[in-house]
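Only one structure is covered here, and it is reproduced in the block below.
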Amino acid sequence: MLFERPHFTEYVMARLVTLSLTVFVIFTVILATFITDNMTLALVIFLLWLALTIFVYAIYRGASKMQRELNKINTYLKMLDTVDTIELDKHFFTREFEQLNENLTKVLQKSKKREEIKQRYNAKLKLKNKQRGDMISAIAHEFRNPIASIIGYAQTLQDDKDIPASLHDKFLGKICNNGDKIEALLGRLVLWNKFESGEAKLHQSRFDLLSLAQEVKSALLDDKYKSREIIIQGEGREIEADRTLMEIVIKNLIENGLKYSKEDVLVIITDENFSVSDKGVGISEDDIEKVTKKFYRSGTHNWDNSMGLGLSIVKKILALHNTELEIKSTLDEGSTFSFKL
């Protein structure tokens with residue numbers, strides 16, 4: 001471009017050459033006035049020209065080096081979003097340029113760090129959005145069937161006034177059961193939210209784990225699994241823990257066994273271990289590490305884990321008690337869920 005601003009070196013050299021020529025002409029005129037010998041005059045003028053040339057060349061080298069360093073800094077500024085490392089030389093003629101280099105390096109490093117923080121934040125935001133989408137999808141999936149059942153039975157009772165009493169009572173029972181299922185799902189969501197927000201706290205007490213397992217067994221068999229069998233082996237084992245949360249753990253593990261197996265579920269309590277085993281559909285090797293993740297759903301044998309929260313909640317409760325859930329499973333043979341006491 002015709003009116004484009006000059007580079008640093010061009011600007012310095014233009015000014016310097018103009019000044020040098022002016023000085024050379026002035027000193028030449030002065031020397032010519034006072035020196036009458038032509039040989040001496042020529043020698044002095046040559047030496048003056050040589051000194052000015054060396055001076056201009058030295059300034060040119062210094063200005064060129066400064067321009068290269070400034071270009072390097074400018075390049076980093078232009079490529080701030082793409083550079084991974086910052087490697088700037090620190091060889092300057094003046095302290096001001098050296099400090100400029102150091103300060104700009106710090107600015108670049110801070111900018112890069114902010115960019116990395118921003119990228120991590122965006123990644124977390126995308127993950128949160130994905131989890132929120134998964135949660136909505138899971139909630140919709142889990143709530144759709146019981147709600148549809150309630151609506152269906154209620155509409156049947158409303159439309160058919162002459163329905164037999166036995167069928168009337170059966171439909172009301174179905175409505176109640178599906179209502180209880182929705183309440184249980186909501187309770188699970190509330191509990192999961194407490195764990196996620198860090199609001200869940202332990203209320204520890206001493207209690208017998210065997211007695212608690214027997215209570216859970218009675219509740220499950222009296223409620224949804226009247227035709228099933230839960231075998232509990234072991235002797236009384238007192239532990240200090242949050243009884244309410246441990247009840248949730250035991251209920252989730254036993255109910256998983258009942259849900260995915262048609263045979264008996266075996267609960268074994270020892271001095272060091274609590275385990276629940278079934279001979280059900282099992283879990284594939286690829287899914288074992290994933291089934292404890294929230295909102296995880298697998299198509300394998302319809303292993304949906306009730307919104308993907310059941311085992312996730314179990315894992316968090318056990319973590320609060322300084323232990324962890326261990327899963328051993330073989331596809332189509334069965335699974336064992338256990339944790340150390």
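Residue numbering restarts at 1 in every chain; chains get A, B, ... in the order shown in the structure tokens, and ligands count up from 1 in that same order.
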Based on the backbone DSSP call, show me all residues of range 94-300 of chain A assigned strand (DSSP E or B), as a ChimeraX atom specification. /A:204-208,230-234,238-242,265-269,273-278
Report as a count of residues only all protein, DNA and RNA residues lying within 8 Å of Tyr260 in chain A, evaluated on only C-alpha atoms, omitting residues in the same chain fewer than 6 positions from it. 3
Please return as a PyMOL selection string: the residues of range 187-278 of chain A that backbone DSSP assigns to alpha helix (DSSP H). chain A and resi 187-197+209-223+243-259
Quick one: distance from CA of Ile248 in chain A to CA of Ile147 in chain A in Å, one decimal? 24.4 Å
Rank A:Ile175, A:Val265, A:Leu245, A:Leu202 by their smallest atom-to-atom distance to Lys217 in chain A, using only C-alpha atoms, and report the top residue only.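 Ranking A:Ile175, A:Val265, A:Leu245, A:Leu202 by distance to Lys217 in chain A, first place goes to A:Val265.
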Atomic distance CA of Arg237 in chain A - CA of Leu209 in chain A, expressed in Å with one decimal: 5.5 Å
Identify, on the basis of only C-alpha atoms, every residue whose closest approach to Glu285 in chain A does not exceed 10 Å; exclude the query and any residue fewer than 6 positions from it along the same chain; express the result as an NGL selection string. :A and (328-331)
So, with only C-alpha atoms as the atoms that count, which of A:Ser284, A:Asn122, A:Asn74, A:Ser205 lies closest to Leu108 in chain A?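 For Leu108 in chain A, the nearest of the candidates is A:Asn74.
Nearest-residue note for Lys201 in chain A: choosing from A:Ile317, A:Val25, A:Ile163, A:Leu16, the minimum distance belongs to A:Ile317, counting only C-alpha atoms.
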Which one is closest to Asn71 in chain A: A:Glu326, A:Leu210, A:His7, A:Ile313? Count only C-alpha atoms. A:His7
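Between CA of Arg15 in chain A and CA of Arg68 in chain A lies a distance of 19.3 Å.
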